[in-house]
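Quick look at input-v3.txt (compact mmCIF, C-alpha atoms (C1' of nucleotides)):
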# COMPACT_ATOMS: atom_id res chain seq x y z
CA MET H 499 0.00 0.00 0.00
CA LYS H 500 1.29 3.41 -0.99
CA ILE H 501 0.17 6.45 1.01
CA ALA H 502 1.18 10.07 0.69
CA THR H 503 0.68 13.58 2.03
CA TRP H 504 0.97 16.93 0.27
CA ASN H 505 0.26 20.50 1.32
CA VAL H 506 -0.87 21.90 -2.03
CA ASN H 507 -1.34 25.57 -1.00
CA SER H 508 -4.66 25.97 -2.89
CA LEU H 509 -6.09 23.01 -4.76
CA LYS H 510 -7.66 25.31 -7.37
CA VAL H 511 -4.21 26.44 -8.43
CA ARG H 512 -2.53 23.07 -7.99
CA LEU H 513 -5.09 20.65 -9.44
CA PRO H 514 -3.06 20.03 -12.63
CA HIS H 515 0.00 19.16 -10.53
CA VAL H 516 -2.05 16.85 -8.33
CA LEU H 517 -3.62 15.05 -11.29
CA ASP H 518 -0.24 14.60 -12.97
CA TRP H 519 1.31 13.37 -9.74
CA LEU H 520 -1.49 10.84 -9.12
CA ALA H 521 -1.06 9.49 -12.65
CA VAL H 522 2.68 9.00 -12.17
CA GLU H 523 2.78 7.77 -8.58
CA GLN H 524 -0.59 5.98 -8.39
CA PRO H 525 -0.79 5.99 -4.59
CA ASP H 526 -3.60 4.13 -2.86
CA ALA H 527 -4.36 7.27 -0.89
CA LEU H 528 -3.23 10.90 -0.92
CA CYS H 529 -3.87 13.30 1.96
CA LEU H 530 -4.05 16.98 1.02
CA GLN H 531 -3.75 20.09 3.17
CA GLU H 532 -4.52 23.74 2.47
CA THR H 533 -7.14 23.10 -0.18
CA LYS H 534 -8.35 26.65 0.62
CA THR H 535 -11.87 26.08 -0.63
CA GLU H 536 -15.33 25.09 0.49
CA ASP H 537 -16.87 21.92 -0.90
CA GLY H 538 -18.49 23.95 -3.70
CA GLY H 539 -15.09 24.72 -5.19
CA PHE H 540 -13.59 21.30 -4.60
CA PRO H 541 -12.88 19.28 -7.78
CA PHE H 542 -14.66 16.09 -6.72
CA ASP H 543 -15.56 15.20 -10.33
CA ALA H 544 -12.10 15.71 -11.83
CA LEU H 545 -10.51 13.62 -9.08
CA ALA H 546 -13.11 10.85 -9.37
CA ALA H 547 -12.61 10.80 -13.14
CA ALA H 548 -8.89 10.30 -12.47
CA GLY H 549 -9.72 7.31 -10.28
CA TYR H 550 -9.57 9.10 -6.94
CA PRO H 551 -12.90 9.75 -5.24
CA ALA H 552 -12.32 12.21 -2.39
CA ILE H 553 -13.64 13.30 0.97
CA HIS H 554 -13.07 16.90 1.97
CA ASN H 555 -13.34 19.11 5.03
CA GLY H 556 -12.93 22.62 3.69
CA GLN H 557 -13.51 26.29 4.33
CA LYS H 558 -13.15 29.50 2.38
CA THR H 559 -9.66 31.00 1.93
CA TYR H 560 -7.79 29.08 4.63
CA ASN H 561 -7.01 25.53 5.73
CA GLY H 562 -9.02 22.65 4.26
CA VAL H 563 -8.03 18.98 4.21
CA ALA H 564 -8.95 16.05 1.96
CA ILE H 565 -8.33 12.34 1.52
CA LEU H 566 -8.19 11.00 -2.05
CA ALA H 567 -8.36 7.21 -2.34
CA ARG H 568 -8.66 4.65 -5.07
CA HIS H 569 -11.00 2.50 -3.01
CA SER H 570 -13.96 3.41 -0.88
CA VAL H 571 -13.37 4.90 2.56
CA GLN H 572 -15.20 4.13 5.80
CA ASP H 573 -15.83 5.72 9.18
CA GLU H 574 -15.08 9.28 8.17
CA VAL H 575 -14.31 11.82 10.91
CA ARG H 576 -14.17 15.58 10.35
CA ASP H 577 -12.46 17.99 12.74
CA LEU H 578 -10.59 17.11 15.89
CA PRO H 579 -13.03 15.39 18.30
CA GLY H 580 -13.19 17.10 21.68
CA PHE H 581 -11.66 20.35 20.42
CA ASP H 582 -13.99 23.20 19.52
CA ASP H 583 -12.38 24.72 16.44
CA PRO H 584 -13.84 26.61 13.48
CA GLN H 585 -10.68 25.93 11.45
CA LYS H 586 -10.88 22.93 9.12
CA ARG H 587 -7.67 21.09 9.87
CA LEU H 588 -8.48 17.41 10.22
CA ILE H 589 -10.15 14.60 8.33
CA ALA H 590 -9.80 10.90 9.00
CA ALA H 591 -11.09 7.72 7.38
CA THR H 592 -10.30 4.04 6.98
CA VAL H 593 -8.90 2.95 3.60
CA ASP H 594 -8.12 -0.70 2.87
CA GLY H 595 -8.12 -1.45 6.60
CA VAL H 596 -5.71 1.37 7.43
CA ARG H 597 -6.82 4.32 9.52
CA LEU H 598 -5.61 7.52 7.85
CA VAL H 599 -5.55 10.73 9.89
CA CYS H 600 -4.91 13.73 7.64
CA ALA H 601 -3.96 16.86 9.57
CA TYR H 602 -2.99 20.44 8.80
CA MET H 603 -1.48 21.41 12.12
CA PRO H 604 -1.45 25.11 13.03
CA ASN H 605 1.51 27.23 11.97
CA GLY H 606 1.77 29.18 15.22
CA GLN H 607 3.13 32.36 13.59
CA ALA H 608 5.58 33.30 16.38
CA VAL H 609 6.62 31.78 19.68
CA GLY H 610 4.57 33.36 22.46
CA SER H 611 1.77 34.64 20.18
CA ASP H 612 -1.93 33.77 20.54
CA LYS H 613 -1.57 31.55 17.47
CA TYR H 614 1.31 29.73 19.14
CA ALA H 615 -0.83 29.03 22.21
CA TYR H 616 -3.58 27.76 19.89
CA LYS H 617 -1.04 25.54 18.11
CA LEU H 618 0.11 23.93 21.36
CA ARG H 619 -3.50 23.39 22.52
CA TRP H 620 -4.35 21.87 19.13
CA LEU H 621 -1.37 19.51 19.27
CA ALA H 622 -2.24 18.43 22.82
CA ALA H 623 -5.85 17.74 21.82
CA LEU H 624 -4.66 15.72 18.82
CA ALA H 625 -2.45 13.56 21.05
CA ASP H 626 -5.34 12.96 23.46
CA TRP H 627 -7.64 11.89 20.65
CA LEU H 628 -4.96 9.77 18.94
CA ARG H 629 -4.45 7.74 22.12
CA ALA H 630 -8.06 6.52 21.85
CA GLU H 631 -7.97 6.25 18.06
CA LEU H 632 -4.93 3.96 18.26
CA GLN H 633 -6.83 1.66 20.60
CA ARG H 634 -9.64 1.40 18.06
CA TYR H 635 -7.40 1.23 15.00
CA PRO H 636 -4.04 -0.50 15.56
CA ARG H 637 -3.21 0.06 11.88
CA LEU H 638 -3.05 3.86 11.92
CA ALA H 639 -1.09 6.47 9.97
CA LEU H 640 -0.91 10.17 10.89
CA LEU H 641 -0.06 12.17 7.78
CA GLY H 642 0.13 15.86 7.06
CA ASP H 643 1.73 19.22 7.45
CA PHE H 644 2.83 19.14 11.09
CA ASN H 645 4.44 22.58 10.98
CA ILE H 646 7.16 21.08 13.21
CA ALA H 647 10.77 20.36 12.28
CA PRO H 648 11.38 17.56 14.79
CA ASP H 649 15.17 17.73 14.89
CA ASP H 650 18.01 20.07 13.96
CA ARG H 651 18.88 17.87 10.98
CA ASP H 652 15.44 18.78 9.60
CA VAL H 653 16.45 22.45 9.42
CA HIS H 654 18.76 24.07 6.84
CA ASP H 655 20.21 26.49 9.39
CA PRO H 656 19.63 25.15 12.91
CA ALA H 657 21.43 28.07 14.59
CA ALA H 658 19.24 30.67 12.88
CA TRP H 659 16.07 28.70 13.63
CA GLN H 660 16.90 27.71 17.19
CA GLY H 661 13.91 28.37 19.43
CA GLN H 662 11.96 29.88 16.53
CA ILE H 663 8.51 28.91 15.33
CA LEU H 664 8.40 25.36 13.87
CA CYS H 665 11.54 24.48 15.86
CA SER H 666 10.82 25.54 19.43
CA GLU H 667 11.19 23.04 22.23
CA PRO H 668 7.46 22.90 23.15
CA GLU H 669 6.64 22.11 19.50
CA ARG H 670 9.29 19.41 19.38
CA ALA H 671 7.99 18.04 22.69
CA ALA H 672 4.54 17.80 21.08
CA PHE H 673 6.07 15.80 18.23
CA ARG H 674 7.79 13.48 20.74
CA LYS H 675 4.40 12.98 22.39
CA PHE H 676 3.24 11.37 19.16
CA VAL H 677 6.34 9.17 19.27
CA ASP H 678 5.52 8.25 22.87
CA LEU H 679 2.07 7.13 21.70
CA GLY H 680 3.87 4.59 19.51
CA LEU H 681 3.92 6.52 16.24
CA ALA H 682 7.17 6.29 14.27
CA ASP H 683 8.49 8.93 11.87
CA ALA H 684 8.47 6.81 8.70
CA PHE H 685 11.11 8.95 6.98
CA ARG H 686 13.70 8.32 9.70
CA ARG H 687 13.31 4.56 9.58
CA PHE H 688 15.50 4.62 6.45
CA ASP H 689 18.82 6.09 5.40
CA GLN H 690 18.16 9.49 3.87
CA PRO H 691 20.25 12.14 2.17
CA GLU H 692 21.49 14.94 4.42
CA LYS H 693 19.52 18.17 4.17
CA SER H 694 16.25 16.46 3.22
CA PHE H 695 13.40 18.96 3.44
CA SER H 696 9.70 19.06 2.52
CA TRP H 697 9.13 22.83 2.43
CA TRP H 698 11.12 25.72 0.94
CA ASP H 699 10.25 29.41 1.16
CA TYR H 700 9.04 30.96 -2.10
CA ARG H 701 11.30 33.93 -1.39
CA MET H 702 15.06 34.25 -1.75
CA MET H 703 15.28 31.30 -4.16
CA GLY H 704 14.77 29.02 -1.19
CA PHE H 705 14.30 25.87 -3.24
CA ARG H 706 17.26 26.36 -5.56
CA ARG H 707 19.48 27.02 -2.54
CA ASN H 708 17.83 24.16 -0.57
CA LEU H 709 16.98 26.49 2.29
CA GLY H 710 14.23 24.28 3.63
CA LEU H 711 12.62 22.55 6.56
CA ARG H 712 11.23 19.05 6.97
CA ILE H 713 7.80 19.75 8.43
CA ASP H 714 5.55 17.32 6.49
CA HIS H 715 5.52 13.86 7.98
CA ILE H 716 4.05 10.37 7.89
CA MET H 717 3.91 8.71 11.31
CA LEU H 718 3.02 5.03 11.60
CA SER H 719 1.65 2.87 14.38
CA PRO H 720 3.80 -0.17 15.26
CA ALA H 721 1.69 -2.53 13.14
CA LEU H 722 2.32 -0.35 10.06
CA ALA H 723 5.86 0.74 10.87
CA GLU H 724 7.12 -2.83 10.92
CA ARG H 725 5.70 -3.30 7.42
CA CYS H 726 6.96 0.01 6.05
CA GLN H 727 9.34 -0.63 3.14
CA ALA H 728 10.24 2.90 2.06
CA CYS H 729 9.61 6.56 2.75
CA ARG H 730 10.75 9.47 0.61
CA ILE H 731 10.15 13.11 -0.19
CA ASP H 732 9.35 13.71 -3.87
CA LYS H 733 10.95 17.00 -4.86
CA ALA H 734 9.83 16.75 -8.51
CA PRO H 735 6.60 18.79 -8.19
CA ARG H 736 8.49 21.60 -6.41
CA LYS H 737 10.45 22.11 -9.65
CA LEU H 738 7.37 22.78 -11.79
CA GLU H 739 5.96 26.16 -12.82
CA ARG H 740 3.83 27.68 -10.03
CA PRO H 741 4.60 24.95 -7.50
CA SER H 742 3.27 24.48 -4.01
CA ASP H 743 5.94 25.47 -1.49
CA HIS H 744 5.65 21.93 -0.06
CA ALA H 745 6.70 18.62 -1.62
CA PRO H 746 4.78 15.34 -1.26
CA VAL H 747 5.96 12.70 1.23
CA VAL H 748 5.32 9.06 0.27
CA ALA H 749 5.44 5.82 2.27
CA GLU H 750 5.11 2.24 1.05
CA ILE H 751 3.70 -0.38 3.36
CA GLY H 752 3.73 -4.12 2.71
CA ALA H 753 0.73 -6.39 2.98
C1' DA C 391 16.92 45.29 7.91
C1' DT C 392 11.41 41.07 10.47
C1' DG C 393 11.67 42.15 4.15
C1' DG C 394 12.07 38.81 0.30
C1' DC C 395 6.90 35.23 -2.75
C1' DT C 396 2.24 33.24 -3.22
C1' DT C 397 -2.67 32.82 -2.38
C1' DG C 398 -7.50 34.43 -1.70
C1' DA C 399 -10.59 38.10 -1.37
C1' DG C 400 -11.89 41.48 -4.36
C1' DT C 401 -10.55 45.77 -7.37
C1' DG C 402 -7.51 48.42 -2.24
C1' DT C 403 -4.09 46.21 -0.47
C1' DC C 404 -4.05 43.20 3.26
C1' DA C 405 -3.83 38.71 6.14
C1' DA C 406 -1.52 34.54 6.40
C1' DG C 407 1.68 31.27 5.52
C1' DA C 408 6.45 29.02 7.59

As structure tokens:
Amino acid sequence: MKIATWNVNSLKVRLPHVLDWLAVEQPDALCLQETKTEDGGFPFDALAAAGYPAIHNGQKTYNGVAILARHSVQDEVRDLPGFDDPQKRLIAATVDGVRLVCAYMPNGQAVGSDKYAYKLRWLAALADWLRAELQRYPRLALLGDFNIAPDDRDVHDPAAWQGQILCSEPERAAFRKFVDLGLADAFRRFDQPEKSFSWWDYRMMGFRRNLGLRIDHIMLSPALAERCQACRIDKAPRKLERPSDHAPVVAEIGA
DNA sequence: ATGGCTTGAGTGTCAAGA
């Protein structure tokens, strides 16, 4: 089974890239973040015609998450249970017996800001809910834009970013909480090139200079992690005209 | 130097991203 996550930074703009990528990679499921549209603007028909019926939890302008899957999905959940939140940041469903949790975790803007406090509360609520969800679904994958670089090796310039948003210790502690729940960072289960990142700033030629961060992740429960055969970041779509600032992350899991 | 691009909303120019 091949699963993937991609922050597309507006699905209206990026639909051609997504359709091309699905045709090449043919994942069993693709989790999207930042669709930036309500259901009325979501390309359900184009995706279904490409072989990927979708479920979507969207809103106007900001946020918005979707799961595209080749086969039917069951037991859909929208929004983070137990956390009152108008922002559309979570959708979950079961695909081929695997529980997929697709999350667009808050950015946090700046350490100490109101948005940072919201981010930490959101992450804590996600961990609380995941504890129960893992009991129900031992085969579980948490995929998405975490907006956390878990380690200094996930940062192009660790000294400049030290203690900054996406890298602060409370954010990294929240990531370790997921690890403590039994979720493994699929990417780090394999040898990887140094300076592997999943996001590059649009400004300052960030991509060409590889000034990036690894903030998009696939985390796997023990039952899936032991069957995981590969995990990689696909930089190809970031090289296209009008790219998303994020690259897809892909994991392959054996039967 | 707290900027630099990109998007959506909306037709001014700003909020937000990371």

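The nearest approach to H:Val516 among the residues H:Arg686, H:Thr535, H:Trp627, H:Ala548, with only C-alpha atoms taken into account, belongs to H:Ala548.
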
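Reported to one decimal place, the separation of atom CA of H:Gly606 from atom CA of H:Cys665 is 10.9 Å.
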
Expected answer as a PyMOL selection string: chain H residues within 7 Å of chain C, only C-alpha atoms (C1' of nucleotides) | chain H and resi 559+605+700-702

Residues from the last selection, C-alpha atoms, saved as a PDB file, in the frame of the given file:
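The result, stored in part-v6.pdb:
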ATOM      1  CA  THR H 559      -9.660  31.000   1.930  1.00  0.00           C
ATOM      2  CA  ASN H 605       1.510  27.230  11.970  1.00  0.00           C
ATOM      3  CA  TYR H 700       9.040  30.960  -2.100  1.00  0.00           C
ATOM      4  CA  ARG H 701      11.300  33.930  -1.390  1.00  0.00           C
ATOM      5  CA  MET H 702      15.060  34.250  -1.750  1.00  0.00           C
TER       6      MET H 702
END

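For the atom pair formed by atom CA of H:Leu738 and atom CA of H:Phe705, the distance is 11.4 Å, given to one decimal.
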
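Rounded to one decimal, atom CA of H:Asn555 and atom CA of H:Lys613 lie 21.2 Å from each other.
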
Padding 4 Å on each side, edges along x, y and z: where is the centre of the box around the listed atoms of stretch 396-403 of chain C, and how long are its edges in Å to one decimal? Output it as AutoDock Vina command-line options.
--center_x -4.8 --center_y 40.6 --center_z -3.9 --size_x 22.1 --size_y 23.6 --size_z 14.9

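Minimum atom-to-atom distance to H:Ala734, evaluated using all atoms listed in the file, belongs to H:Val522 out of H:Ala552, H:Ala590, H:Leu664, H:Val522.
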
**Request:** Considering all atoms listed in the file, return as a ChimeraX atom specification whatever protein or nucleic-acid residues lie within 9 Å of H:Ile553, sequence-local ones (same chain, fewer than 5 positions apart) excluded.
**Result:** /H:542,563-567,571,574,589,591

Given the point (-1.3, 9.4, 1.1) in the file's coordinates, find the residues that have an atom at most 9 Å from it, counting all atoms listed in the file, and give them as a PDB file with C-alpha atoms, in the coordinates of the input.
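Result file follows (selection_6.pdb):
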ATOM      1  CA  LYS H 500       1.290   3.410  -0.990  1.00  0.00           C
ATOM      2  CA  ILE H 501       0.170   6.450   1.010  1.00  0.00           C
ATOM      3  CA  ALA H 502       1.180  10.070   0.690  1.00  0.00           C
ATOM      4  CA  THR H 503       0.680  13.580   2.030  1.00  0.00           C
ATOM      5  CA  TRP H 504       0.970  16.930   0.270  1.00  0.00           C
ATOM      6  CA  PRO H 525      -0.790   5.990  -4.590  1.00  0.00           C
ATOM      7  CA  ASP H 526      -3.600   4.130  -2.860  1.00  0.00           C
ATOM      8  CA  ALA H 527      -4.360   7.270  -0.890  1.00  0.00           C
ATOM      9  CA  LEU H 528      -3.230  10.900  -0.920  1.00  0.00           C
ATOM     10  CA  CYS H 529      -3.870  13.300   1.960  1.00  0.00           C
ATOM     11  CA  LEU H 530      -4.050  16.980   1.020  1.00  0.00           C
ATOM     12  CA  ILE H 565      -8.330  12.340   1.520  1.00  0.00           C
ATOM     13  CA  LEU H 566      -8.190  11.000  -2.050  1.00  0.00           C
ATOM     14  CA  ALA H 567      -8.360   7.210  -2.340  1.00  0.00           C
ATOM     15  CA  LEU H 598      -5.610   7.520   7.850  1.00  0.00           C
ATOM     16  CA  CYS H 600      -4.910  13.730   7.640  1.00  0.00           C
ATOM     17  CA  LEU H 641      -0.060  12.170   7.780  1.00  0.00           C
ATOM     18  CA  GLY H 642       0.130  15.860   7.060  1.00  0.00           C
ATOM     19  CA  ILE H 716       4.050  10.370   7.890  1.00  0.00           C
ATOM     20  CA  PRO H 746       4.780  15.340  -1.260  1.00  0.00           C
ATOM     21  CA  VAL H 747       5.960  12.700   1.230  1.00  0.00           C
ATOM     22  CA  VAL H 748       5.320   9.060   0.270  1.00  0.00           C
ATOM     23  CA  ALA H 749       5.440   5.820   2.270  1.00  0.00           C
TER      24      ALA H 749
END

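Distances to H:Asp518 were evaluated for H:Pro735, H:Gln660, H:Ser696, H:Ala745 using all atoms listed in the file, and the minimum falls at H:Pro735.
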
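Using only C-alpha atoms, the shortest contact distance between H:Asp594 and any of H:Arg568, H:Asp577, H:Gln633, H:Tyr616 is found at H:Arg568.
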
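Near H:Lys675, within a cut-off of 10 Å and counting all atoms listed in the file, sit the residues Leu621, Ala622, Ala625, Asp626, Glu669, Arg670, Ala671, Leu679, Gly680 and Leu681 of chain H, with same-chain residues fewer than 4 positions away left out.
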
Using the partial input, fill out stretch 546-571 of chain H with N, CA and C atoms; write the result as a PDB file, keeping the file's coordinate frame.
ATOM      1  N   ALA H 546     -12.450  12.145  -9.183  1.00  0.00           N
ATOM      2  CA  ALA H 546     -13.110  10.850  -9.370  1.00  0.00           C
ATOM      3  C   ALA H 546     -12.843  10.310 -10.774  1.00  0.00           C
ATOM      4  N   ALA H 547     -12.875  11.218 -11.759  1.00  0.00           N
ATOM      5  CA  ALA H 547     -12.610  10.800 -13.140  1.00  0.00           C
ATOM      6  C   ALA H 547     -11.183  10.274 -13.291  1.00  0.00           C
ATOM      7  N   ALA H 548     -10.283  10.767 -12.448  1.00  0.00           N
ATOM      8  CA  ALA H 548      -8.890  10.300 -12.470  1.00  0.00           C
ATOM      9  C   ALA H 548      -8.705   9.036 -11.634  1.00  0.00           C
ATOM     10  N   GLY H 549      -9.799   8.540 -11.060  1.00  0.00           N
ATOM     11  CA  GLY H 549      -9.720   7.310 -10.280  1.00  0.00           C
ATOM     12  C   GLY H 549      -9.569   7.524  -8.794  1.00  0.00           C
ATOM     13  N   TYR H 550      -9.770   8.765  -8.357  1.00  0.00           N
ATOM     14  CA  TYR H 550      -9.570   9.100  -6.940  1.00  0.00           C
ATOM     15  C   TYR H 550     -10.772   9.848  -6.358  1.00  0.00           C
ATOM     16  N   PRO H 551     -11.827   9.116  -6.006  1.00  0.00           N
ATOM     17  CA  PRO H 551     -12.900   9.750  -5.240  1.00  0.00           C
ATOM     18  C   PRO H 551     -12.324  10.352  -3.951  1.00  0.00           C
ATOM     19  N   ALA H 552     -12.909  11.474  -3.510  1.00  0.00           N
ATOM     20  CA  ALA H 552     -12.320  12.210  -2.390  1.00  0.00           C
ATOM     21  C   ALA H 552     -13.352  12.522  -1.326  1.00  0.00           C
ATOM     22  N   ILE H 553     -12.863  12.683  -0.109  1.00  0.00           N
ATOM     23  CA  ILE H 553     -13.640  13.300   0.970  1.00  0.00           C
ATOM     24  C   ILE H 553     -12.890  14.559   1.377  1.00  0.00           C
ATOM     25  N   HIS H 554     -13.665  15.575   1.768  1.00  0.00           N
ATOM     26  CA  HIS H 554     -13.070  16.900   1.970  1.00  0.00           C
ATOM     27  C   HIS H 554     -13.693  17.580   3.170  1.00  0.00           C
ATOM     28  N   ASN H 555     -12.867  18.265   3.933  1.00  0.00           N
ATOM     29  CA  ASN H 555     -13.340  19.110   5.030  1.00  0.00           C
ATOM     30  C   ASN H 555     -12.722  20.479   4.793  1.00  0.00           C
ATOM     31  N   GLY H 556     -13.511  21.371   4.179  1.00  0.00           N
ATOM     32  CA  GLY H 556     -12.930  22.620   3.690  1.00  0.00           C
ATOM     33  C   GLY H 556     -13.568  23.855   4.276  1.00  0.00           C
ATOM     34  N   GLN H 557     -12.955  24.986   3.979  1.00  0.00           N
ATOM     35  CA  GLN H 557     -13.510  26.290   4.330  1.00  0.00           C
ATOM     36  C   GLN H 557     -12.961  27.291   3.316  1.00  0.00           C
ATOM     37  N   LYS H 558     -13.564  28.459   3.316  1.00  0.00           N
ATOM     38  CA  LYS H 558     -13.150  29.500   2.380  1.00  0.00           C
ATOM     39  C   LYS H 558     -11.770  30.048   2.762  1.00  0.00           C
ATOM     40  N   THR H 559     -10.918  30.243   1.799  1.00  0.00           N
ATOM     41  CA  THR H 559      -9.660  31.000   1.930  1.00  0.00           C
ATOM     42  C   THR H 559      -8.531  30.258   2.651  1.00  0.00           C
ATOM     43  N   TYR H 560      -8.855  29.644   3.793  1.00  0.00           N
ATOM     44  CA  TYR H 560      -7.790  29.080   4.630  1.00  0.00           C
ATOM     45  C   TYR H 560      -8.017  27.588   4.886  1.00  0.00           C
ATOM     46  N   ASN H 561      -6.937  26.908   5.240  1.00  0.00           N
ATOM     47  CA  ASN H 561      -7.010  25.530   5.730  1.00  0.00           C
ATOM     48  C   ASN H 561      -7.674  24.613   4.704  1.00  0.00           C
ATOM     49  N   GLY H 562      -8.369  23.594   5.157  1.00  0.00           N
ATOM     50  CA  GLY H 562      -9.020  22.650   4.260  1.00  0.00           C
ATOM     51  C   GLY H 562      -8.167  21.421   4.051  1.00  0.00           C
ATOM     52  N   VAL H 563      -8.757  20.245   4.305  1.00  0.00           N
ATOM     53  CA  VAL H 563      -8.030  18.980   4.210  1.00  0.00           C
ATOM     54  C   VAL H 563      -8.883  17.961   3.456  1.00  0.00           C
ATOM     55  N   ALA H 564      -8.228  17.034   2.772  1.00  0.00           N
ATOM     56  CA  ALA H 564      -8.950  16.050   1.960  1.00  0.00           C
ATOM     57  C   ALA H 564      -8.188  14.730   1.968  1.00  0.00           C
ATOM     58  N   ILE H 565      -8.935  13.649   1.751  1.00  0.00           N
ATOM     59  CA  ILE H 565      -8.330  12.340   1.520  1.00  0.00           C
ATOM     60  C   ILE H 565      -8.831  11.843   0.166  1.00  0.00           C
ATOM     61  N   LEU H 566      -7.890  11.572  -0.737  1.00  0.00           N
ATOM     62  CA  LEU H 566      -8.190  11.000  -2.050  1.00  0.00           C
ATOM     63  C   LEU H 566      -7.792   9.524  -1.986  1.00  0.00           C
ATOM     64  N   ALA H 567      -8.692   8.635  -2.428  1.00  0.00           N
ATOM     65  CA  ALA H 567      -8.360   7.210  -2.340  1.00  0.00           C
ATOM     66  C   ALA H 567      -8.947   6.445  -3.512  1.00  0.00           C
ATOM     67  N   ARG H 568      -8.208   5.454  -3.936  1.00  0.00           N
ATOM     68  CA  ARG H 568      -8.660   4.650  -5.070  1.00  0.00           C
ATOM     69  C   ARG H 568      -9.861   3.798  -4.718  1.00  0.00           C
ATOM     70  N   HIS H 569      -9.890   3.352  -3.453  1.00  0.00           N
ATOM     71  CA  HIS H 569     -11.000   2.500  -3.010  1.00  0.00           C
ATOM     72  C   HIS H 569     -11.871   3.253  -2.018  1.00  0.00           C
ATOM     73  N   SER H 570     -13.016   2.701  -1.730  1.00  0.00           N
ATOM     74  CA  SER H 570     -13.960   3.410  -0.880  1.00  0.00           C
ATOM     75  C   SER H 570     -13.399   3.560   0.537  1.00  0.00           C
ATOM     76  N   VAL H 571     -13.826   4.621   1.195  1.00  0.00           N
ATOM     77  CA  VAL H 571     -13.370   4.900   2.560  1.00  0.00           C
ATOM     78  C   VAL H 571     -14.541   4.687   3.522  1.00  0.00           C
TER      79      VAL H 571
END
